[in-house]
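Below is my_file28.txt, which holds compact mmCIF, C-alpha atoms and all ligand atoms.
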# COMPACT_ATOMS: atom_id res chain seq x y z
CA MET A 1 19.89 44.93 -50.74
CA ASP A 2 22.29 42.71 -48.80
CA ILE A 3 22.06 42.68 -44.98
CA ILE A 4 25.72 41.67 -44.68
CA ASP A 5 26.74 44.83 -46.57
CA VAL A 6 24.58 46.89 -44.22
CA ILE A 7 26.17 45.29 -41.15
CA ARG A 8 29.71 45.69 -42.56
CA THR A 9 29.12 49.35 -43.42
CA LYS A 10 28.21 50.20 -39.82
CA ARG A 11 30.75 47.81 -38.30
CA ASP A 12 33.53 49.60 -40.21
CA GLY A 13 32.39 53.07 -39.16
CA GLY A 14 30.66 54.02 -42.42
CA THR A 15 27.39 55.85 -42.93
CA LEU A 16 24.23 53.95 -43.86
CA SER A 17 22.27 55.29 -46.81
CA ASP A 18 18.56 56.17 -46.47
CA GLU A 19 17.76 53.16 -48.69
CA GLN A 20 19.77 50.78 -46.49
CA ILE A 21 18.05 52.03 -43.32
CA ARG A 22 14.54 51.96 -44.78
CA TRP A 23 15.12 48.51 -46.24
CA PHE A 24 16.50 47.11 -42.97
CA ILE A 25 13.64 48.40 -40.77
CA ASP A 26 11.04 47.11 -43.23
CA ALA A 27 12.74 43.74 -43.81
CA TYR A 28 13.34 43.10 -40.10
CA THR A 29 9.74 44.00 -39.20
CA LYS A 30 8.50 41.55 -41.84
CA GLY A 31 10.81 38.77 -40.65
CA ILE A 32 13.01 38.80 -43.79
CA VAL A 33 16.16 39.73 -41.83
CA ALA A 34 17.02 37.19 -39.11
CA ASP A 35 17.39 38.10 -35.42
CA GLU A 36 21.12 37.29 -35.39
CA GLN A 37 21.74 39.66 -38.32
CA ALA A 38 19.67 42.43 -36.76
CA SER A 39 21.58 41.84 -33.48
CA ALA A 40 24.88 42.31 -35.28
CA LEU A 41 23.70 45.60 -36.79
CA LEU A 42 22.39 46.82 -33.42
CA MET A 43 25.73 46.03 -31.79
CA ALA A 44 27.55 47.88 -34.58
CA ILE A 45 25.26 50.89 -33.96
CA PHE A 46 25.87 50.57 -30.21
CA PHE A 47 29.60 51.06 -30.81
CA ARG A 48 29.59 53.31 -33.90
CA SER A 49 26.40 55.33 -33.18
CA LEU A 50 24.27 56.98 -35.89
CA THR A 51 24.81 60.37 -37.53
CA ALA A 52 22.01 62.93 -37.13
CA HIS A 53 20.84 62.19 -40.66
CA GLU A 54 20.92 58.40 -40.14
CA LEU A 55 18.99 58.81 -36.88
CA ALA A 56 16.31 60.95 -38.55
CA THR A 57 15.85 58.33 -41.30
CA TRP A 58 15.93 55.43 -38.79
CA THR A 59 13.23 57.08 -36.62
CA ARG A 60 11.08 57.97 -39.64
CA ALA A 61 11.30 54.36 -40.88
CA MET A 62 10.22 53.08 -37.44
CA ILE A 63 7.22 55.45 -37.45
CA ASP A 64 6.34 54.38 -41.00
CA SER A 65 6.49 50.69 -40.04
CA GLY A 66 2.99 51.07 -38.60
CA GLU A 67 0.02 53.38 -38.28
CA ARG A 68 -0.02 56.96 -37.02
CA LEU A 69 -3.07 57.83 -34.91
CA ASP A 70 -5.23 60.63 -36.21
CA LEU A 71 -6.23 62.89 -33.32
CA SER A 72 -7.58 65.67 -35.57
CA THR A 73 -11.12 65.20 -34.20
CA VAL A 74 -9.97 65.98 -30.65
CA THR A 75 -10.90 69.61 -30.13
CA ARG A 76 -8.66 70.32 -27.13
CA PRO A 77 -4.92 70.68 -27.79
CA THR A 78 -3.11 67.38 -27.29
CA VAL A 79 0.03 67.10 -25.20
CA ASP A 80 1.76 64.06 -23.73
CA LYS A 81 4.62 63.37 -21.33
CA HIS A 82 7.22 60.63 -21.42
CA SER A 83 9.56 59.73 -18.58
CA THR A 84 12.73 57.73 -19.05
CA GLY A 85 11.72 55.92 -15.86
CA GLY A 86 12.71 55.77 -12.25
CA VAL A 87 11.81 54.43 -8.83
CA GLY A 88 8.54 55.70 -7.39
CA ASP A 89 7.91 57.69 -10.59
CA LYS A 90 4.14 57.87 -10.47
CA VAL A 91 4.01 61.32 -12.07
CA SER A 92 1.92 60.23 -15.09
CA LEU A 93 -0.92 59.17 -12.82
CA ILE A 94 -1.20 62.69 -11.37
CA LEU A 95 -0.11 64.70 -14.38
CA THR A 96 -2.55 63.23 -16.92
CA PRO A 97 -5.79 64.22 -15.10
CA LEU A 98 -4.15 67.43 -13.84
CA VAL A 99 -3.29 68.73 -17.31
CA VAL A 100 -6.74 67.70 -18.53
CA ALA A 101 -8.30 69.65 -15.66
CA CYS A 102 -6.35 72.68 -16.98
CA GLY A 103 -7.86 72.40 -20.48
CA ALA A 104 -5.67 70.08 -22.60
CA ALA A 105 -6.17 66.49 -23.78
CA VAL A 106 -3.49 63.94 -22.82
CA PRO A 107 -3.05 60.85 -25.04
CA GLN A 108 -0.76 58.84 -22.80
CA LEU A 109 0.40 55.55 -24.30
CA SER A 110 2.45 53.86 -21.60
CA GLY A 111 4.44 50.73 -20.96
CA ARG A 112 4.87 48.11 -18.29
CA GLY A 113 7.77 48.00 -15.85
CA LEU A 114 10.90 45.99 -16.48
CA GLY A 115 13.71 45.55 -13.95
CA HIS A 116 14.02 48.03 -11.10
CA THR A 117 11.78 50.75 -12.60
CA GLY A 118 7.99 50.58 -12.41
CA GLY A 119 5.54 50.89 -15.30
CA THR A 120 2.50 53.16 -15.42
CA LEU A 121 0.21 50.40 -16.73
CA ASP A 122 1.13 48.06 -13.86
CA LYS A 123 0.28 50.81 -11.39
CA MET A 124 -3.07 51.61 -13.03
CA GLU A 125 -3.94 47.90 -13.21
CA SER A 126 -3.97 47.70 -9.42
CA ILE A 127 -7.26 49.66 -9.59
CA PRO A 128 -10.11 47.10 -9.65
CA GLY A 129 -11.70 46.85 -13.09
CA TRP A 130 -9.30 49.22 -14.92
CA GLN A 131 -8.42 48.14 -18.48
CA ALA A 132 -5.18 49.10 -20.26
CA LEU A 133 -6.13 47.74 -23.70
CA LEU A 134 -8.29 50.02 -25.83
CA SER A 135 -9.09 49.99 -29.53
CA ASN A 136 -7.84 53.04 -31.45
CA GLU A 137 -11.45 54.17 -31.86
CA ARG A 138 -12.13 54.01 -28.12
CA PHE A 139 -8.81 55.75 -27.37
CA VAL A 140 -9.77 58.70 -29.60
CA GLU A 141 -13.36 58.75 -28.32
CA ILE A 142 -12.24 59.06 -24.67
CA LEU A 143 -9.80 61.79 -25.65
CA ARG A 144 -12.63 63.66 -27.37
CA THR A 145 -15.07 63.33 -24.48
CA SER A 146 -13.10 63.42 -21.22
CA GLY A 147 -9.61 64.24 -22.49
CA ALA A 148 -7.50 61.86 -20.37
CA VAL A 149 -6.35 58.40 -21.45
CA ILE A 150 -3.61 56.17 -20.12
CA ALA A 151 -3.47 53.02 -22.24
CA ALA A 152 -1.20 50.34 -23.68
CA ALA A 153 0.23 51.10 -27.12
CA GLY A 154 -1.59 48.95 -29.70
CA ALA A 155 0.30 46.43 -31.85
CA GLY A 156 -0.12 48.64 -34.94
CA LEU A 157 1.96 51.49 -33.54
CA ALA A 158 5.67 51.42 -34.51
CA PRO A 159 5.79 47.59 -34.82
CA ALA A 160 9.46 47.84 -35.81
CA ASP A 161 10.23 49.16 -32.33
CA ARG A 162 8.32 46.34 -30.67
CA LYS A 163 10.61 43.80 -32.39
CA LEU A 164 13.80 45.79 -32.10
CA TYR A 165 13.29 46.64 -28.41
CA ALA A 166 12.65 42.98 -27.54
CA LEU A 167 15.87 42.06 -29.39
CA ARG A 168 17.89 44.85 -27.74
CA ASP A 169 16.68 43.66 -24.36
CA VAL A 170 18.35 40.26 -24.82
CA THR A 171 21.48 41.37 -26.73
CA GLY A 172 22.95 44.05 -24.43
CA THR A 173 22.11 46.87 -26.85
CA VAL A 174 19.56 48.86 -24.85
CA GLU A 175 21.89 51.58 -23.52
CA SER A 176 22.56 53.35 -26.81
CA ILE A 177 21.43 56.98 -27.07
CA PRO A 178 20.32 56.85 -30.76
CA LEU A 179 18.54 53.53 -30.25
CA ILE A 180 16.73 54.71 -27.09
CA ALA A 181 15.86 58.10 -28.63
CA SER A 182 14.45 56.57 -31.83
CA SER A 183 12.56 53.89 -29.88
CA ILE A 184 10.83 56.35 -27.55
CA MET A 185 10.21 59.06 -30.12
CA SER A 186 8.88 56.77 -32.87
CA LYS A 187 6.11 55.61 -30.51
CA LYS A 188 5.33 59.11 -29.25
CA ILE A 189 5.21 60.60 -32.76
CA ALA A 190 3.04 57.71 -34.06
CA GLU A 191 0.66 58.32 -31.15
CA GLY A 192 -0.37 61.57 -32.85
CA THR A 193 0.18 64.07 -30.01
CA SER A 194 0.82 67.66 -31.08
CA ALA A 195 3.23 68.36 -28.21
CA LEU A 196 5.41 66.37 -25.84
CA VAL A 197 7.30 67.00 -22.62
CA LEU A 198 10.12 64.59 -21.81
CA ASP A 199 11.13 63.91 -18.22
CA VAL A 200 14.69 62.68 -18.59
CA LYS A 201 16.01 61.30 -15.32
CA PHE A 202 19.58 61.26 -14.05
CA GLY A 203 20.96 59.77 -10.81
CA SER A 204 21.35 56.31 -9.32
CA GLY A 205 17.82 55.12 -10.18
CA ALA A 206 17.85 56.41 -13.77
CA PHE A 207 18.64 54.72 -17.08
CA PHE A 208 21.70 56.96 -17.36
CA PRO A 209 22.97 57.91 -13.88
CA ASP A 210 25.37 60.42 -15.46
CA VAL A 211 23.87 63.84 -16.10
CA ALA A 212 25.92 64.44 -19.28
CA GLN A 213 24.50 61.29 -20.91
CA ALA A 214 20.98 62.17 -19.73
CA ARG A 215 21.43 65.62 -21.31
CA GLU A 216 22.60 64.09 -24.60
CA LEU A 217 19.58 61.75 -24.64
CA ALA A 218 17.25 64.68 -23.92
CA THR A 219 18.78 66.87 -26.64
CA THR A 220 18.59 64.02 -29.16
CA MET A 221 14.92 63.32 -28.42
CA VAL A 222 13.96 67.02 -28.46
CA GLY A 223 15.62 67.30 -31.89
CA ILE A 224 13.69 64.29 -33.26
CA GLY A 225 10.35 65.54 -31.91
CA ASN A 226 10.68 69.06 -33.27
CA ALA A 227 11.92 67.79 -36.67
CA ASN A 228 8.77 65.66 -36.92
CA GLY A 229 6.30 68.43 -36.14
CA VAL A 230 5.78 67.56 -32.44
CA LYS A 231 6.61 70.54 -30.21
CA THR A 232 9.01 68.95 -27.74
CA VAL A 233 10.74 70.15 -24.56
CA ALA A 234 12.69 68.13 -21.97
CA LEU A 235 13.34 68.60 -18.27
CA LEU A 236 16.31 66.89 -16.63
CA THR A 237 15.11 65.72 -13.21
CA ALA A 238 16.89 64.00 -10.33
CA MET A 239 16.42 60.31 -9.54
CA GLU A 240 18.95 59.94 -6.71
CA THR A 241 16.30 58.73 -4.30
CA VAL A 242 12.72 57.50 -4.54
CA LEU A 243 10.31 60.11 -5.89
CA GLY A 244 7.70 60.59 -3.18
CA ARG A 245 7.59 57.96 -0.45
CA THR A 246 6.35 54.81 -2.18
CA ALA A 247 7.57 52.29 -4.76
CA GLY A 248 5.10 49.57 -5.76
CA ASN A 249 1.91 49.53 -7.77
CA ALA A 250 -1.11 50.05 -5.45
CA LEU A 251 1.07 51.96 -2.96
CA GLU A 252 1.91 54.45 -5.72
CA VAL A 253 -1.73 54.80 -6.74
CA THR A 254 -2.61 55.68 -3.12
CA GLU A 255 0.15 58.31 -3.04
CA SER A 256 -0.95 59.74 -6.39
CA ILE A 257 -4.51 60.10 -5.11
CA ALA A 258 -3.16 61.99 -2.07
CA CYS A 259 -1.49 64.47 -4.50
CA LEU A 260 -4.66 64.73 -6.60
CA ARG A 261 -6.51 65.64 -3.41
CA GLY A 262 -4.12 68.51 -2.77
CA GLY A 263 -1.64 66.72 -0.43
CA GLY A 264 1.22 64.30 -1.09
CA PRO A 265 5.01 64.60 -0.76
CA ALA A 266 6.59 67.93 -1.73
CA ASP A 267 9.17 66.44 -4.17
CA LEU A 268 6.50 64.58 -6.14
CA VAL A 269 4.30 67.67 -6.31
CA GLU A 270 7.26 69.84 -7.41
CA VAL A 271 8.22 67.59 -10.35
CA THR A 272 4.57 67.14 -11.36
CA LEU A 273 3.87 70.88 -11.38
CA ALA A 274 7.07 71.66 -13.32
CA LEU A 275 6.05 69.16 -16.03
CA ALA A 276 2.42 70.35 -16.03
CA ARG A 277 3.52 73.96 -16.58
CA GLU A 278 5.72 72.93 -19.51
CA MET A 279 2.91 70.87 -21.07
CA LEU A 280 0.39 73.69 -20.75
CA ALA A 281 2.81 76.29 -22.13
CA LEU A 282 3.57 74.11 -25.19
CA VAL A 283 -0.10 74.13 -26.20
CA GLY A 284 -0.81 77.79 -25.41
CA LEU A 285 -2.59 77.18 -22.07
CA GLY A 286 0.24 78.74 -20.06
CA PRO A 287 2.12 80.56 -18.60
CA LEU A 288 -0.27 81.90 -16.00
CA ASP A 289 -0.73 85.33 -17.61
CA THR A 290 -2.12 83.62 -20.76
CA PRO A 291 -5.86 84.39 -21.05
CA GLY A 292 -7.88 81.43 -19.72
CA ALA A 293 -4.83 79.71 -18.19
CA VAL A 294 -5.50 77.58 -15.10
CA ASP A 295 -2.79 77.29 -12.44
CA PRO A 296 -2.10 73.53 -12.05
CA ALA A 297 -1.35 74.08 -8.35
CA THR A 298 -4.86 75.47 -7.94
CA ALA A 299 -6.37 72.56 -9.90
CA LEU A 300 -4.69 70.14 -7.46
CA ALA A 301 -5.84 72.10 -4.42
CA ASP A 302 -9.47 72.70 -5.43
CA GLY A 303 -10.41 69.13 -6.43
CA ARG A 304 -10.57 69.65 -10.22
CA ALA A 305 -7.64 67.31 -10.86
CA TYR A 306 -9.14 64.65 -8.58
CA ARG A 307 -12.47 64.84 -10.42
CA ALA A 308 -10.63 64.41 -13.74
CA TRP A 309 -8.85 61.35 -12.25
CA CYS A 310 -12.16 59.74 -11.22
CA GLU A 311 -13.55 60.34 -14.73
CA MET A 312 -10.38 58.97 -16.36
CA VAL A 313 -10.40 55.78 -14.23
CA ALA A 314 -14.13 55.17 -14.79
CA ALA A 315 -13.84 55.67 -18.58
CA GLN A 316 -11.58 52.60 -18.68
CA GLY A 317 -13.77 50.40 -16.48
CA GLY A 318 -12.07 51.17 -13.16
CA ASP A 319 -13.82 51.95 -9.90
CA PRO A 320 -12.15 55.03 -8.40
CA ASP A 321 -13.84 54.35 -5.04
CA ALA A 322 -12.91 50.66 -4.74
CA PRO A 323 -10.37 49.75 -2.04
CA LEU A 324 -6.92 48.98 -3.47
CA PRO A 325 -5.18 45.66 -2.77
CA VAL A 326 -3.15 45.56 0.45
CA ALA A 327 -0.24 43.15 1.05
CA PRO A 328 -0.79 40.63 3.85
CA HIS A 329 2.83 40.70 5.08
CA ARG A 330 5.04 43.58 6.27
CA HIS A 331 8.61 43.90 7.45
CA ILE A 332 10.15 47.03 8.99
CA VAL A 333 13.72 48.14 8.26
CA VAL A 334 15.06 50.31 11.09
CA ALA A 335 17.64 53.12 11.16
CA PRO A 336 21.17 51.76 11.68
CA GLY A 337 22.15 54.77 13.84
CA SER A 338 21.10 58.21 15.06
CA GLY A 339 21.65 61.39 13.03
CA VAL A 340 20.46 62.45 9.59
CA LEU A 341 19.49 59.97 6.88
CA SER A 342 22.18 60.80 4.32
CA ARG A 343 21.61 58.03 1.81
CA LEU A 344 18.65 55.98 0.63
CA ASP A 345 19.87 54.66 -2.69
CA CYS A 346 17.29 54.82 -5.41
CA ARG A 347 18.42 51.80 -7.42
CA ALA A 348 18.66 49.64 -4.28
CA VAL A 349 15.10 50.56 -3.23
CA GLY A 350 13.90 49.84 -6.79
CA ILE A 351 15.57 46.43 -6.80
CA ALA A 352 14.17 45.66 -3.34
CA ALA A 353 10.62 46.60 -4.46
CA TRP A 354 11.07 44.47 -7.57
CA ARG A 355 12.20 41.48 -5.48
CA LEU A 356 9.17 41.96 -3.22
CA GLY A 357 7.05 41.30 -6.33
CA ALA A 358 6.27 44.84 -7.57
CA GLY A 359 8.26 44.42 -10.81
CA ARG A 360 9.10 41.76 -13.35
CA ALA A 361 12.34 40.26 -14.68
CA ARG A 362 10.85 39.11 -18.00
CA LYS A 363 8.02 40.65 -19.99
CA GLU A 364 5.77 37.63 -19.43
CA ASP A 365 6.09 37.68 -15.62
CA PRO A 366 3.09 38.72 -13.50
CA VAL A 367 3.44 41.57 -10.99
CA SER A 368 1.95 41.90 -7.54
CA ALA A 369 -0.45 44.81 -7.17
CA SER A 370 0.20 45.21 -3.45
CA ALA A 371 3.94 44.55 -2.98
CA GLY A 372 6.38 47.43 -2.55
CA ILE A 373 8.08 49.80 -0.16
CA VAL A 374 6.96 52.79 1.90
CA CYS A 375 9.79 55.16 2.85
CA LEU A 376 9.02 56.42 6.36
CA ALA A 377 12.07 58.70 6.17
CA LYS A 378 13.82 60.36 3.22
CA PRO A 379 17.37 61.74 2.89
CA GLY A 380 17.71 64.85 5.04
CA ASP A 381 15.29 63.60 7.75
CA ALA A 382 16.53 63.27 11.34
CA VAL A 383 16.37 59.64 12.52
CA ARG A 384 17.10 57.75 15.74
CA ALA A 385 18.76 54.31 15.93
CA GLY A 386 16.13 51.57 15.80
CA GLU A 387 13.40 53.89 14.47
CA PRO A 388 11.41 52.52 11.48
CA LEU A 389 12.87 53.70 8.12
CA LEU A 390 11.23 51.51 5.50
CA GLU A 391 8.10 49.39 5.45
CA LEU A 392 8.40 46.41 3.08
CA HIS A 393 5.11 44.95 1.75
CA ALA A 394 4.80 41.47 0.19
CA ASP A 395 2.25 38.80 -0.66
CA ASP A 396 4.79 36.13 0.27
CA PRO A 397 7.06 36.57 3.35
CA GLU A 398 9.81 34.52 1.63
CA ARG A 399 10.47 37.56 -0.55
CA PHE A 400 11.75 39.69 2.34
CA SER A 401 15.25 38.17 2.42
CA GLY A 402 16.01 39.05 -1.23
CA ALA A 403 14.73 42.59 -0.72
CA LEU A 404 16.80 43.02 2.44
CA ALA A 405 19.91 41.83 0.58
CA ALA A 406 19.36 44.59 -2.01
CA LEU A 407 19.21 47.15 0.80
CA ALA A 408 22.45 45.98 2.47
CA ASP A 409 25.96 47.20 1.55
CA GLY A 410 25.71 50.96 1.79
CA ALA A 411 22.23 51.55 0.35
CA ILE A 412 21.21 53.23 3.62
CA ALA A 413 23.49 55.59 5.57
CA VAL A 414 23.00 57.81 8.60
CA SER A 415 25.54 60.55 9.34
CA ASP A 416 26.04 63.58 11.55
CA GLU A 417 25.61 66.06 8.72
CA ALA A 418 22.64 66.68 6.47
CA PRO A 419 23.32 65.70 2.83
CA PRO A 420 23.25 68.50 0.22
CA VAL A 421 19.68 69.23 -0.86
CA PRO A 422 19.48 68.13 -4.52
CA ARG A 423 17.84 70.26 -7.17
CA LEU A 424 14.97 68.19 -8.45
CA VAL A 425 14.56 70.00 -11.76
CA LEU A 426 18.06 70.65 -13.03
CA GLU A 427 17.64 71.91 -16.57
CA ARG A 428 15.18 72.65 -19.37
CA ILE A 429 16.15 71.62 -22.91
CA ALA A 430 14.14 73.09 -25.76
CA SER A 431 16.39 72.58 -28.78
N1 LIG B 501 12.04 52.82 -23.40
C1 LIG B 501 11.75 52.62 -24.71
O1 LIG B 501 10.60 52.70 -25.10
N2 LIG B 501 12.77 52.33 -25.55
C2 LIG B 501 14.04 52.24 -25.15
O2 LIG B 501 14.89 51.99 -25.96
C3 LIG B 501 14.33 52.44 -23.79
C4 LIG B 501 13.30 52.74 -22.94
Take the structure from the file and write it as structure tokens.
Amino acid sequence: MDIIDVIRTKRDGGTLSDEQIRWFIDAYTKGIVADEQASALLMAIFFRSLTAHELATWTRAMIDSGERLDLSTVTRPTVDKHSTGGVGDKVSLILTPLVVACGAAVPQLSGRGLGHTGGTLDKMESIPGWQALLSNERFVEILRTSGAVIAAAGAGLAPADRKLYALRDVTGTVESIPLIASSIMSKKIAEGTSALVLDVKFGSGAFFPDVAQARELATTMVGIGNANGVKTVALLTAMETVLGRTAGNALEVTESIACLRGGGPADLVEVTLALAREMLALVGLGPLDTPGAVDPATALADGRAYRAWCEMVAAQGGDPDAPLPVAPHRHIVVAPGSGVLSRLDCRAVGIAAWRLGAGRARKEDPVSASAGIVCLAKPGDAVRAGEPLLELHADDPERFSGALAALADGAIAVSDEAPPVPRLVLERIAS
């Protein structure tokens, strides 16, 4: 097989054969194909896309590049959730113990944050003692005993994606629907879950702000999941403003615990419950008239979800009662006028939180556990000029100026009229 032929085929708008795709994924994973040649092929795919058949073969080859976890000894039905990422998206922290409290097992392999969106592992690591790295044996054992695991994906799972994603990150080839869909789904299928709910975000803080592109990504991923024996459904959910009121690692853990104790912001609870209901229905533990079904809203209100959280944290070495880190420095951003807060731009808040230290620019960078932003008002709230709007938290006060620059230039607006109330859950995609 000749890599230059493979590149030329895609560059010129042709269709790659199964053999070409399987050979490329294998040869690149083993280091036989050079980075610059793989980059050229990725760029050709970025512009020419992949046919449905090419995409199926590409995804299958990525799954086959590593191991597939065997969860057959887990007696509860397994169901996972994946979000395409957003600002203040702490849903996994609440949803995992919640769905476990309702009878399922949740094998949640998560990632770290990059750029303006946060990562579940970074959030969980702000809990003293909590460990993200588990052996496959320990991962399965926790699933069997307590049912809830949030952990880092091991190196053996879809290693082709690990290499390809790192290369895409530095070659401007991330924002391609077939490449994103195959990257996410290869890892989720290799993880061994029987069912999967995708939370595909649209809006200013999302990967794809445009709803049509978000829908195409969702439909593509649902197709891949179902074709590979994983029952898959997607919800399209809004990411126009911060989900909940916090963005930043320990701040988001605190807000998640408030939800798990039956409180928390209404928007965060709404998205979490919508996803929980989909997850439970996929594995036969819902809808509510199903015999034995537990209402997730009840499990949040009566403490069952919180108990499952404490068990989940402790199983990975964390102390659920330990105080979380608190930033030593704060800065208040005030309302620029009186009226209704009509705009609090999601991406700007994400970038500001990142500049405060909550996120990383490169994979190797450390993150601050305590830095971030608390939104004291959200779009639609009445505000008065000079009233506190945002609370910025940082370990180092020098970080405030960069964060404030991200929030300038129209990120915050106050007007006389209330903005339209957005629908948080826009659409369900099942095929
Ligand atoms: N997350 C992934 O895992 N892969 C992508 O390609 C994009 C986001």
| task | Pick out the residues sitting within 12 Å of Ala358 (chain A), and hand them over as a ChimeraX atom specification; count only C-alpha atoms, and ignore anything fewer than 4 positions along from it in its own chain. | result | /A:87-88,112-119,122-123,126,246-252,327,349-354,365-373,392-396,399,403
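When only C-alpha atoms and all ligand atoms are used to measure the gap to ligand LIG 501 (chain B), the shortest distance among A:Glu240, A:Glu175, A:Asp289, A:Asp12 belongs to A:Glu175.
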Which residues sit within 9 Å of ligand LIG 501 (chain B), counting only C-alpha atoms and all ligand atoms, listed as an mmCIF file with C-alpha atoms, keeping the file's coordinate frame?
data_model
loop_
_atom_site.group_PDB
_atom_site.id
_atom_site.type_symbol
_atom_site.label_atom_id
_atom_site.label_comp_id
_atom_site.auth_asym_id
_atom_site.auth_seq_id
_atom_site.Cartn_x
_atom_site.Cartn_y
_atom_site.Cartn_z
ATOM 1 C CA SER A 83 9.560 59.730 -18.580
ATOM 2 C CA THR A 84 12.730 57.730 -19.050
ATOM 3 C CA GLY A 85 11.720 55.920 -15.860
ATOM 4 C CA SER A 110 2.450 53.860 -21.600
ATOM 5 C CA GLY A 111 4.440 50.730 -20.960
ATOM 6 C CA ASP A 161 10.230 49.160 -32.330
ATOM 7 C CA ARG A 162 8.320 46.340 -30.670
ATOM 8 C CA LEU A 164 13.800 45.790 -32.100
ATOM 9 C CA TYR A 165 13.290 46.640 -28.410
ATOM 10 C CA ARG A 168 17.890 44.850 -27.740
ATOM 11 C CA ASP A 169 16.680 43.660 -24.360
ATOM 12 C CA THR A 173 22.110 46.870 -26.850
ATOM 13 C CA VAL A 174 19.560 48.860 -24.850
ATOM 14 C CA GLU A 175 21.890 51.580 -23.520
ATOM 15 C CA SER A 176 22.560 53.350 -26.810
ATOM 16 C CA ILE A 177 21.430 56.980 -27.070
ATOM 17 C CA PRO A 178 20.320 56.850 -30.760
ATOM 18 C CA LEU A 179 18.540 53.530 -30.250
ATOM 19 C CA ILE A 180 16.730 54.710 -27.090
ATOM 20 C CA ALA A 181 15.860 58.100 -28.630
ATOM 21 C CA SER A 182 14.450 56.570 -31.830
ATOM 22 C CA SER A 183 12.560 53.890 -29.880
ATOM 23 C CA ILE A 184 10.830 56.350 -27.550
ATOM 24 C CA MET A 185 10.210 59.060 -30.120
ATOM 25 C CA SER A 186 8.880 56.770 -32.870
ATOM 26 C CA LYS A 187 6.110 55.610 -30.510
ATOM 27 C CA PHE A 207 18.640 54.720 -17.080
#
| said: Give me the residues near Leu300 (chain A) as JSON, numbers by chain, where near means some atom within 12 Å (using all atoms listed in the file) and where sequence neighbours in that chain fewer than 4 positions away do not count. | reply: {"A": [94, 95, 96, 97, 98, 99, 100, 101, 102, 256, 257, 258, 259, 260, 261, 262, 263, 264, 269, 270, 272, 273, 276, 294, 295, 296, 304, 305, 306, 307, 308, 309]}
| task | For the point (19.3, 66.3, -32.5) in the file's frame, write as a ChimeraX atom specification all residues with an atom no more than 12 Å away, counting all atoms listed in the file. | result | /A:50-56,59,177-178,181-182,185,215-228,232,429-431
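Separating CA of Pro419 (chain A) from CA of His82 (chain A) is a distance of 29.5 Å.
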Please enclose the listed atoms of region 223-230 of chain A in an axis-aligned box, pad each side by 3 Å, and write out the centre and the three edge lengths in Å, rounded to one decimal, as JSON.
{"center_x": 10.7, "center_y": 66.7, "center_z": -34.4, "size_x": 15.8, "size_y": 10.8, "size_z": 11.0}
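Using only C-alpha atoms, every residue with an atom at most 12 Å from the point (23.1, 44.2, 0.4) is listed here: Asp345, Arg347, Ala348, Val349, Ile351, Ala352, Ser401, Gly402, Ala403, Leu404, Ala405, Ala406, Leu407, Ala408, Asp409, Gly410, Ala411 and Ile412 of chain A.
Using all atoms listed in the file, the smallest distance between any of A:Arg22, A:Lys90, A:Arg428, A:Arg144 and Pro77 (chain A) comes from A:Arg144.
For the atom pair formed by CA of Ala105 (chain A) and CA of Ser146 (chain A), the distance is 8.0 Å, given to one decimal.
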| field | Selected residue, from A:Ala195, A:Leu121, A:Ala335, A:Ala297, that lies nearest to Gly229 (chain A) when counting all atoms listed in the file | value | A:Ala195
